[in-house]
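Student: Got a structure here, written out as structure tokens. Questions coming.
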Amino acid sequence: MRGKVGIVGAGQVGAACGFLLAQTPGVDELVLVDQDAARAASEAADIGHAAAFGPAAQVGAGDYADLAGAQLVVIAAGANLKPGQTRLDLLAVNVKVVGAVLEQVLRVAPDVVLLVATNPVDVMPALAVRRFGVPPGRAIGTGCALDSARFRDRLARHLGVAASSVHAYVLGEHGDSEVLHWSGAQAAGMPLIRFAEQIGRPLPADLRATMANEVRSSAYRIKEGKGVSNYGIAGSVARLARSIVNDEQAVFSVSTFMEELLGVTETCVSLPHLLGARGASRPLLPEMDVAETDALRRSAALLHDTIRMGLDQIAGDGR
């Protein structure tokens, strides 16, 4: 059925995703699956009651069999980032969780598009491709889509313009090695730095460094205050899902598995992709300056090593 979307994992992230997906144009049916069936049923009922106030999807809970016929499955199962942890610290636990989820989902929906929000989010598409044979374009990590939105929002607040008027991406790992693509950022059809100067809101190097740190550390700061970062990623998931279920072919910085990038083999970093009904296009490599290229190569190499660790852990687990 076109417009049927599943969510595996009905915790705070999965529930927030469900709330927004139920109101996302093109999503006609939403199914929540969780190992705690009562939790999934309660979240589905609560989301369904909210959805009843306007035109929205039919919302229910079920098990993996109920994901048959889904166009898209969002994976939000796993341990959440705790204060003081990095996303890569979650590798040992979550790679096993997501491996078990993939096995169940692909048994009933072998051709589904997978959208993974579980950290470390850049490892999971590689797991789907290398361990389960999913085509790279159908195993998508939310990657730097949220970081790119944070980047644009921070720039827009400084410039005093609408965020939709700022075109800028974050590339690489969804984490500490991510690369803010300053050299490709634009507004009003011109390089962003020049635009900022023309409107009297310059972006000197020290301010750019401060902004980059704020973007990279956003999730850490949020989790220090409230324990979880769930609404931002839910907004990202809903927007990506909208592009997929409606075959929009909109461009987002998401992560897919790549055989090679900048001389690094078997990696998975965020680059611009077109998102549509078949999933993600081949990654698009934008022009970058020397420093950005070197930083992206280092980020890709870090994830190459992390992916290898994750695959080795799954193999050692006998899965």
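Each chain in the structure tokens gets a letter, A, B, ..., in the order shown, and its residues are numbered from 1; ligands are numbered from 1 in order too.
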Got a sec to tell me which of segment 183-295 of chain A DSSP assigns to helix (DSSP H, G or I), as a VMD selection string?
Tutor: chain A and resid 183 to 184 192 to 198 205 to 216 218 to 226 231 to 245 290 to 295
Student: Could you pull the residues within 8 Å of Gly137 of chain A, counting only C-alpha atoms, minus those fewer than 6 positions along the same chain, as a PDB file with N, CA and C atoms, in the first residue's frame?
Tutor:
```
ATOM      1  N   THR A 256      24.405   7.033   3.191  1.00  0.00           N
ATOM      2  CA  THR A 256      24.231   5.725   2.561  1.00  0.00           C
ATOM      3  C   THR A 256      25.596   5.070   2.440  1.00  0.00           C
ATOM      4  N   ARG A 278      11.879   5.250  -4.442  1.00  0.00           N
ATOM      5  CA  ARG A 278      12.810   4.123  -4.444  1.00  0.00           C
ATOM      6  C   ARG A 278      13.926   4.280  -3.414  1.00  0.00           C
ATOM      7  N   GLY A 279      13.874   5.337  -2.640  1.00  0.00           N
ATOM      8  CA  GLY A 279      14.895   5.575  -1.641  1.00  0.00           C
ATOM      9  C   GLY A 279      15.800   6.717  -2.034  1.00  0.00           C
ATOM     10  N   ALA A 280      17.090   6.536  -1.798  1.00  0.00           N
ATOM     11  CA  ALA A 280      18.065   7.589  -2.055  1.00  0.00           C
ATOM     12  C   ALA A 280      18.782   7.356  -3.375  1.00  0.00           C
ATOM     13  N   SER A 281      19.088   8.452  -4.054  1.00  0.00           N
ATOM     14  CA  SER A 281      19.893   8.386  -5.266  1.00  0.00           C
ATOM     15  C   SER A 281      21.342   8.061  -4.902  1.00  0.00           C
ATOM     16  N   ARG A 282      22.185   7.956  -5.901  1.00  0.00           N
ATOM     17  CA  ARG A 282      23.615   7.897  -5.635  1.00  0.00           C
ATOM     18  C   ARG A 282      24.032   9.192  -4.939  1.00  0.00           C
TER      19      ARG A 282
END
```
Student: Residues at most 9 Å from Ser148 of chain A, counting only C-alpha atoms, excluding those fewer than 3 positions away in the same chain, as a list in words?
Tutor: Cys144, Ala145, Phe151, Arg152, Asp153, Ala168, Tyr169, Val170, Leu171, Leu180, Val215, Phe252 and Ser253 of chain A
Student: May I have the selected residues written with N, CA and C atoms, as a CSV table (one decimal), in the first residue's frame?
Tutor:
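Ended up saving to again-v8.csv:
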```csv
chain,number,residue,atom,x,y,z
A,144,CYS,N,23.2,13.6,8.5
A,144,CYS,CA,23.3,15.0,8.8
A,144,CYS,C,22.2,15.9,8.3
A,145,ALA,N,21.0,15.3,8.0
A,145,ALA,CA,19.8,16.1,7.7
A,145,ALA,C,19.5,17.0,8.8
A,151,PHE,N,22.3,23.9,11.3
A,151,PHE,CA,23.3,24.9,10.6
A,151,PHE,C,22.5,26.0,10.0
A,152,ARG,N,21.5,25.7,9.2
A,152,ARG,CA,20.7,26.8,8.5
A,152,ARG,C,20.0,27.7,9.5
A,153,ASP,N,19.5,27.0,10.6
A,153,ASP,CA,18.8,27.8,11.6
A,153,ASP,C,19.7,28.8,12.3
A,168,ALA,N,22.7,25.5,2.8
A,168,ALA,CA,23.9,25.1,3.4
A,168,ALA,C,23.7,23.6,3.9
A,169,TYR,N,24.8,22.8,3.8
A,169,TYR,CA,24.7,21.4,4.2
A,169,TYR,C,25.8,21.1,5.2
A,170,VAL,N,25.6,20.1,6.1
A,170,VAL,CA,26.6,19.5,6.9
A,170,VAL,C,26.9,18.1,6.2
A,171,LEU,N,28.1,17.7,6.1
A,171,LEU,CA,28.5,16.5,5.4
A,171,LEU,C,29.3,15.6,6.4
A,180,LEU,N,31.0,21.1,8.3
A,180,LEU,CA,30.1,22.2,7.8
A,180,LEU,C,30.6,22.7,6.5
A,215,VAL,N,26.7,23.8,16.4
A,215,VAL,CA,26.0,22.8,15.6
A,215,VAL,C,26.4,21.4,16.0
A,252,PHE,N,18.6,16.1,0.3
A,252,PHE,CA,18.9,16.1,1.8
A,252,PHE,C,20.3,15.5,2.0
A,253,SER,N,21.0,15.9,3.0
A,253,SER,CA,22.3,15.3,3.4
A,253,SER,C,22.0,14.2,4.3
```
Student: What's the 12 Å shell around Ala300 of chain A, counting only C-alpha atoms, without same-chain residues fewer than 6 positions away, as a PyMOL selection string?
Tutor: chain A and resi 122-123+171-175+177-179+255-271+293-294+306-307
Student: Can you write just those residues out, N, CA and C atoms, as an mmCIF file, in the first residue's frame?
Tutor:
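part08.cif, freshly written:
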```cif
data_model
loop_
_atom_site.group_PDB
_atom_site.id
_atom_site.type_symbol
_atom_site.label_atom_id
_atom_site.label_comp_id
_atom_site.auth_asym_id
_atom_site.auth_seq_id
_atom_site.Cartn_x
_atom_site.Cartn_y
_atom_site.Cartn_z
ATOM 1 N N ASP A 122 25.297 6.298 11.166
ATOM 2 C CA ASP A 122 26.050 6.104 9.938
ATOM 3 C C ASP A 122 26.579 4.685 9.782
ATOM 4 N N VAL A 123 26.487 3.884 10.818
ATOM 5 C CA VAL A 123 26.916 2.487 10.725
ATOM 6 C C VAL A 123 25.789 1.598 10.210
ATOM 7 N N LEU A 171 28.120 17.742 6.108
ATOM 8 C CA LEU A 171 28.526 16.515 5.439
ATOM 9 C C LEU A 171 29.278 15.618 6.420
ATOM 10 N N GLY A 172 29.475 14.354 6.040
ATOM 11 C CA GLY A 172 30.301 13.452 6.832
ATOM 12 C C GLY A 172 29.530 12.722 7.911
ATOM 13 N N GLU A 173 30.202 12.442 9.006
ATOM 14 C CA GLU A 173 29.604 11.732 10.136
ATOM 15 C C GLU A 173 28.538 12.588 10.804
ATOM 16 N N HIS A 174 27.470 11.939 11.250
ATOM 17 C CA HIS A 174 26.533 12.606 12.155
ATOM 18 C C HIS A 174 27.155 12.512 13.549
ATOM 19 N N GLY A 175 28.099 13.402 13.794
ATOM 20 C CA GLY A 175 28.834 13.319 15.045
ATOM 21 C C GLY A 175 29.995 14.288 15.055
ATOM 22 N N SER A 177 33.006 14.391 13.950
ATOM 23 C CA SER A 177 33.869 14.659 12.794
ATOM 24 C C SER A 177 33.105 15.269 11.616
ATOM 25 N N GLU A 178 31.866 15.676 11.835
ATOM 26 C CA GLU A 178 31.071 16.223 10.733
ATOM 27 C C GLU A 178 31.712 17.493 10.169
ATOM 28 N N VAL A 179 31.380 17.787 8.912
ATOM 29 C CA VAL A 179 32.010 18.882 8.178
ATOM 30 C C VAL A 179 30.949 19.891 7.755
ATOM 31 N N SER A 255 22.962 9.706 4.980
ATOM 32 C CA SER A 255 24.071 8.766 4.830
ATOM 33 C C SER A 255 23.621 7.482 4.163
ATOM 34 N N THR A 256 24.405 7.033 3.191
ATOM 35 C CA THR A 256 24.231 5.725 2.561
ATOM 36 C C THR A 256 25.596 5.070 2.440
ATOM 37 N N PHE A 257 25.593 3.767 2.279
ATOM 38 C CA PHE A 257 26.847 3.029 2.172
ATOM 39 C C PHE A 257 27.501 3.289 0.825
ATOM 40 N N MET A 258 28.806 3.523 0.841
ATOM 41 C CA MET A 258 29.577 3.800 -0.369
ATOM 42 C C MET A 258 30.763 2.852 -0.436
ATOM 43 N N GLU A 259 30.991 2.262 -1.598
ATOM 44 C CA GLU A 259 32.144 1.398 -1.775
ATOM 45 C C GLU A 259 33.453 2.174 -1.669
ATOM 46 N N GLU A 260 33.408 3.452 -2.081
ATOM 47 C CA GLU A 260 34.622 4.279 -2.027
ATOM 48 C C GLU A 260 34.246 5.750 -2.035
ATOM 49 N N LEU A 261 34.976 6.524 -1.255
ATOM 50 C CA LEU A 261 34.814 7.975 -1.238
ATOM 51 C C LEU A 261 36.158 8.604 -0.894
ATOM 52 N N LEU A 262 36.670 9.431 -1.793
ATOM 53 C CA LEU A 262 37.918 10.168 -1.564
ATOM 54 C C LEU A 262 39.059 9.237 -1.154
ATOM 55 N N GLY A 263 39.062 8.051 -1.753
ATOM 56 C CA GLY A 263 40.117 7.094 -1.467
ATOM 57 C C GLY A 263 39.848 6.195 -0.280
ATOM 58 N N VAL A 264 38.757 6.397 0.434
ATOM 59 C CA VAL A 264 38.385 5.572 1.582
ATOM 60 C C VAL A 264 37.366 4.534 1.123
ATOM 61 N N THR A 265 37.627 3.267 1.382
ATOM 62 C CA THR A 265 36.714 2.212 0.972
ATOM 63 C C THR A 265 35.700 1.907 2.066
ATOM 64 N N GLU A 266 34.564 1.382 1.645
ATOM 65 C CA GLU A 266 33.528 0.884 2.547
ATOM 66 C C GLU A 266 33.243 1.845 3.693
ATOM 67 N N THR A 267 32.616 2.934 3.349
ATOM 68 C CA THR A 267 32.278 3.930 4.360
ATOM 69 C C THR A 267 30.824 4.348 4.194
ATOM 70 N N CYS A 268 30.355 5.178 5.089
ATOM 71 C CA CYS A 268 28.962 5.605 5.068
ATOM 72 C C CYS A 268 28.883 6.971 5.731
ATOM 73 N N VAL A 269 28.903 8.018 4.922
ATOM 74 C CA VAL A 269 28.837 9.377 5.439
ATOM 75 C C VAL A 269 27.709 10.128 4.742
ATOM 76 N N SER A 270 27.334 11.245 5.315
ATOM 77 C CA SER A 270 26.282 12.057 4.720
ATOM 78 C C SER A 270 26.826 12.909 3.587
ATOM 79 N N LEU A 271 26.129 12.837 2.471
ATOM 80 C CA LEU A 271 26.325 13.703 1.320
ATOM 81 C C LEU A 271 24.935 14.032 0.787
ATOM 82 N N THR A 293 37.673 19.073 2.116
ATOM 83 C CA THR A 293 37.925 17.767 1.504
ATOM 84 C C THR A 293 38.719 16.878 2.443
ATOM 85 N N ASP A 294 39.755 17.423 3.058
ATOM 86 C CA ASP A 294 40.561 16.647 4.004
ATOM 87 C C ASP A 294 39.727 16.216 5.208
ATOM 88 N N THR A 306 34.784 2.230 12.090
ATOM 89 C CA THR A 306 33.662 1.944 12.987
ATOM 90 C C THR A 306 32.725 0.916 12.370
ATOM 91 N N ILE A 307 32.498 1.025 11.076
ATOM 92 C CA ILE A 307 31.664 0.039 10.382
ATOM 93 C C ILE A 307 32.283 -1.345 10.486
#
```
Student: If I take atom CA of Leu127 of chain A and atom CA of Asp147 of chain A, how far is one from the other in Å, to one decimal?
Tutor: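 Straight-line distance from atom CA of Leu127 of chain A to atom CA of Asp147 of chain A works out to 22.4 Å.
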Student: Show me, as JSON lines, the residues of segment 9-119 of chain A having an atom within 9 Å of segment 138-143 of chain A, each with the closest atom pair and its distance in Å, using only C-alpha atoms.
Tutor:
```
{"residue": "A:Asp111", "atom": "CA", "partner": "A:Arg138", "partner_atom": "CA", "distance": 8.2}
{"residue": "A:Val112", "atom": "CA", "partner": "A:Arg138", "partner_atom": "CA", "distance": 7.2}
{"residue": "A:Val113", "atom": "CA", "partner": "A:Arg138", "partner_atom": "CA", "distance": 4.6}
{"residue": "A:Leu114", "atom": "CA", "partner": "A:Ala139", "partner_atom": "CA", "distance": 4.9}
{"residue": "A:Leu115", "atom": "CA", "partner": "A:Ile140", "partner_atom": "CA", "distance": 4.9}
{"residue": "A:Val116", "atom": "CA", "partner": "A:Gly141", "partner_atom": "CA", "distance": 4.8}
{"residue": "A:Ala117", "atom": "CA", "partner": "A:Thr142", "partner_atom": "CA", "distance": 5.7}
{"residue": "A:Thr118", "atom": "CA", "partner": "A:Gly141", "partner_atom": "CA", "distance": 8.4}
```
Student: Excluding Phe19 of chain A and residues on its chain fewer than 6 positions from it, collect all residues at most 12 Å away from it, counting only C-alpha atoms, and give them as a PyMOL selection string.
Tutor: chain A and resi 7+10-13+27+30-32+43-52+56-60+230-231+234-235+237-238
Student: Could you write out that same residue set with C-alpha atoms as a PDB file, in the first residue's frame?
Tutor:
```pdb
ATOM      1  CA  ILE A   7       8.147   2.537  12.996  1.00  0.00           C
ATOM      2  CA  ALA A  10       8.170   3.202  20.315  1.00  0.00           C
ATOM      3  CA  GLY A  11      10.350   4.981  22.854  1.00  0.00           C
ATOM      4  CA  GLN A  12      10.597   8.752  23.089  1.00  0.00           C
ATOM      5  CA  VAL A  13      12.211   9.104  19.668  1.00  0.00           C
ATOM      6  CA  VAL A  27       1.332   8.897   4.993  1.00  0.00           C
ATOM      7  CA  LEU A  30       1.181   4.168  10.390  1.00  0.00           C
ATOM      8  CA  VAL A  31       2.147   1.016  12.304  1.00  0.00           C
ATOM      9  CA  LEU A  32       4.175   1.087  15.532  1.00  0.00           C
ATOM     10  CA  GLU A  43       1.557   5.280  21.955  1.00  0.00           C
ATOM     11  CA  ALA A  44      -0.452   4.366  18.862  1.00  0.00           C
ATOM     12  CA  ALA A  45      -3.709   5.104  20.670  1.00  0.00           C
ATOM     13  CA  ASP A  46      -2.457   8.438  21.984  1.00  0.00           C
ATOM     14  CA  ILE A  47      -1.116   9.481  18.580  1.00  0.00           C
ATOM     15  CA  GLY A  48      -4.346   8.338  16.957  1.00  0.00           C
ATOM     16  CA  HIS A  49      -6.389  10.492  19.319  1.00  0.00           C
ATOM     17  CA  ALA A  50      -4.306  13.534  18.386  1.00  0.00           C
ATOM     18  CA  ALA A  51      -4.649  12.656  14.713  1.00  0.00           C
ATOM     19  CA  ALA A  52      -8.425  12.579  15.073  1.00  0.00           C
ATOM     20  CA  ALA A  56      -4.231  12.299   9.301  1.00  0.00           C
ATOM     21  CA  ALA A  57      -3.077   8.727   8.929  1.00  0.00           C
ATOM     22  CA  GLN A  58      -4.728   5.666  10.364  1.00  0.00           C
ATOM     23  CA  VAL A  59      -2.537   4.766  13.358  1.00  0.00           C
ATOM     24  CA  GLY A  60      -2.146   1.357  14.960  1.00  0.00           C
ATOM     25  CA  ASN A 230      13.678  13.536  20.292  1.00  0.00           C
ATOM     26  CA  TYR A 231      11.791  16.359  18.582  1.00  0.00           C
ATOM     27  CA  ALA A 234      11.460  13.393  14.653  1.00  0.00           C
ATOM     28  CA  GLY A 235      11.112  16.497  12.502  1.00  0.00           C
ATOM     29  CA  VAL A 237      12.416  11.787   9.967  1.00  0.00           C
ATOM     30  CA  ALA A 238       9.021  13.236   9.053  1.00  0.00           C
TER      31      ALA A 238
END
```
Student: Rank nothing, just name the residue among A:Leu91, A:Leu155, A:Leu146, A:Val8 nearest to Val105 of chain A, using only C-alpha atoms.
Tutor: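 Once distances to Val105 of chain A are computed over only C-alpha atoms, the minimum belongs to A:Val8.
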Student: Counting only C-alpha atoms, what is within 10 Å of Arg131 of chain A, bar same-chain residues fewer than 4 positions away, as number ranges by chain?
Tutor: A: 99, 102-103, 125-127, 311, 314-315, 319
Student: Could you check which of A:Leu192, A:Val251, A:Met288, A:Ile244 is closest to Pro272 of chain A, using only C-alpha atoms?
Tutor: A:Val251
Student: One decimal, in Å: what's the spacing between atom CA of Ser165 of chain A and atom CA of Arg150 of chain A?
Tutor: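 Between atom CA of Ser165 of chain A and atom CA of Arg150 of chain A the gap works out to 13.9 Å.
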Student: Please extract the residues of segment 80-259 of chain A with a backbone DSSP assignment of strand (DSSP E) and present them as a compact mmCIF listing (two decimals) with C-alpha atoms, in the first residue's frame.
Tutor:
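Result went into part10.txt, see below:
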```txt
# COMPACT_ATOMS: atom_id res chain seq x y z
CA VAL A 113 12.92 1.54 2.06
CA LEU A 114 14.67 1.70 5.44
CA LEU A 115 15.22 4.98 7.27
CA VAL A 116 17.44 4.54 10.33
CA ALA A 139 19.17 1.75 3.48
CA ILE A 140 19.28 5.40 4.54
CA GLY A 141 20.65 6.91 7.72
CA VAL A 166 19.84 29.85 3.43
CA HIS A 167 21.27 26.92 1.47
CA VAL A 170 26.60 19.47 6.86
CA LEU A 171 28.53 16.52 5.44
CA VAL A 179 32.01 18.88 8.18
CA LEU A 180 30.13 22.16 7.83
CA GLN A 186 24.68 30.32 -0.41
CA ALA A 187 21.96 32.91 -0.02
CA MET A 190 25.76 34.26 -3.99
CA PRO A 191 28.31 32.76 -1.58
CA ALA A 250 14.09 16.57 -2.78
CA VAL A 251 17.75 16.95 -1.76
CA PHE A 252 18.93 16.11 1.76
CA SER A 253 22.27 15.35 3.39
CA VAL A 254 21.76 11.74 4.48
CA SER A 255 24.07 8.77 4.83
CA THR A 256 24.23 5.73 2.56
CA PHE A 257 26.85 3.03 2.17
CA MET A 258 29.58 3.80 -0.37
CA GLU A 259 32.14 1.40 -1.77
```
Student: Pick from A:Ala291, A:Val245, A:Leu240, A:Val161: nearest to Trp182 of chain A, with only C-alpha atoms counted?
Tutor: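 Smallest separation from Trp182 of chain A among the options: A:Ala291.
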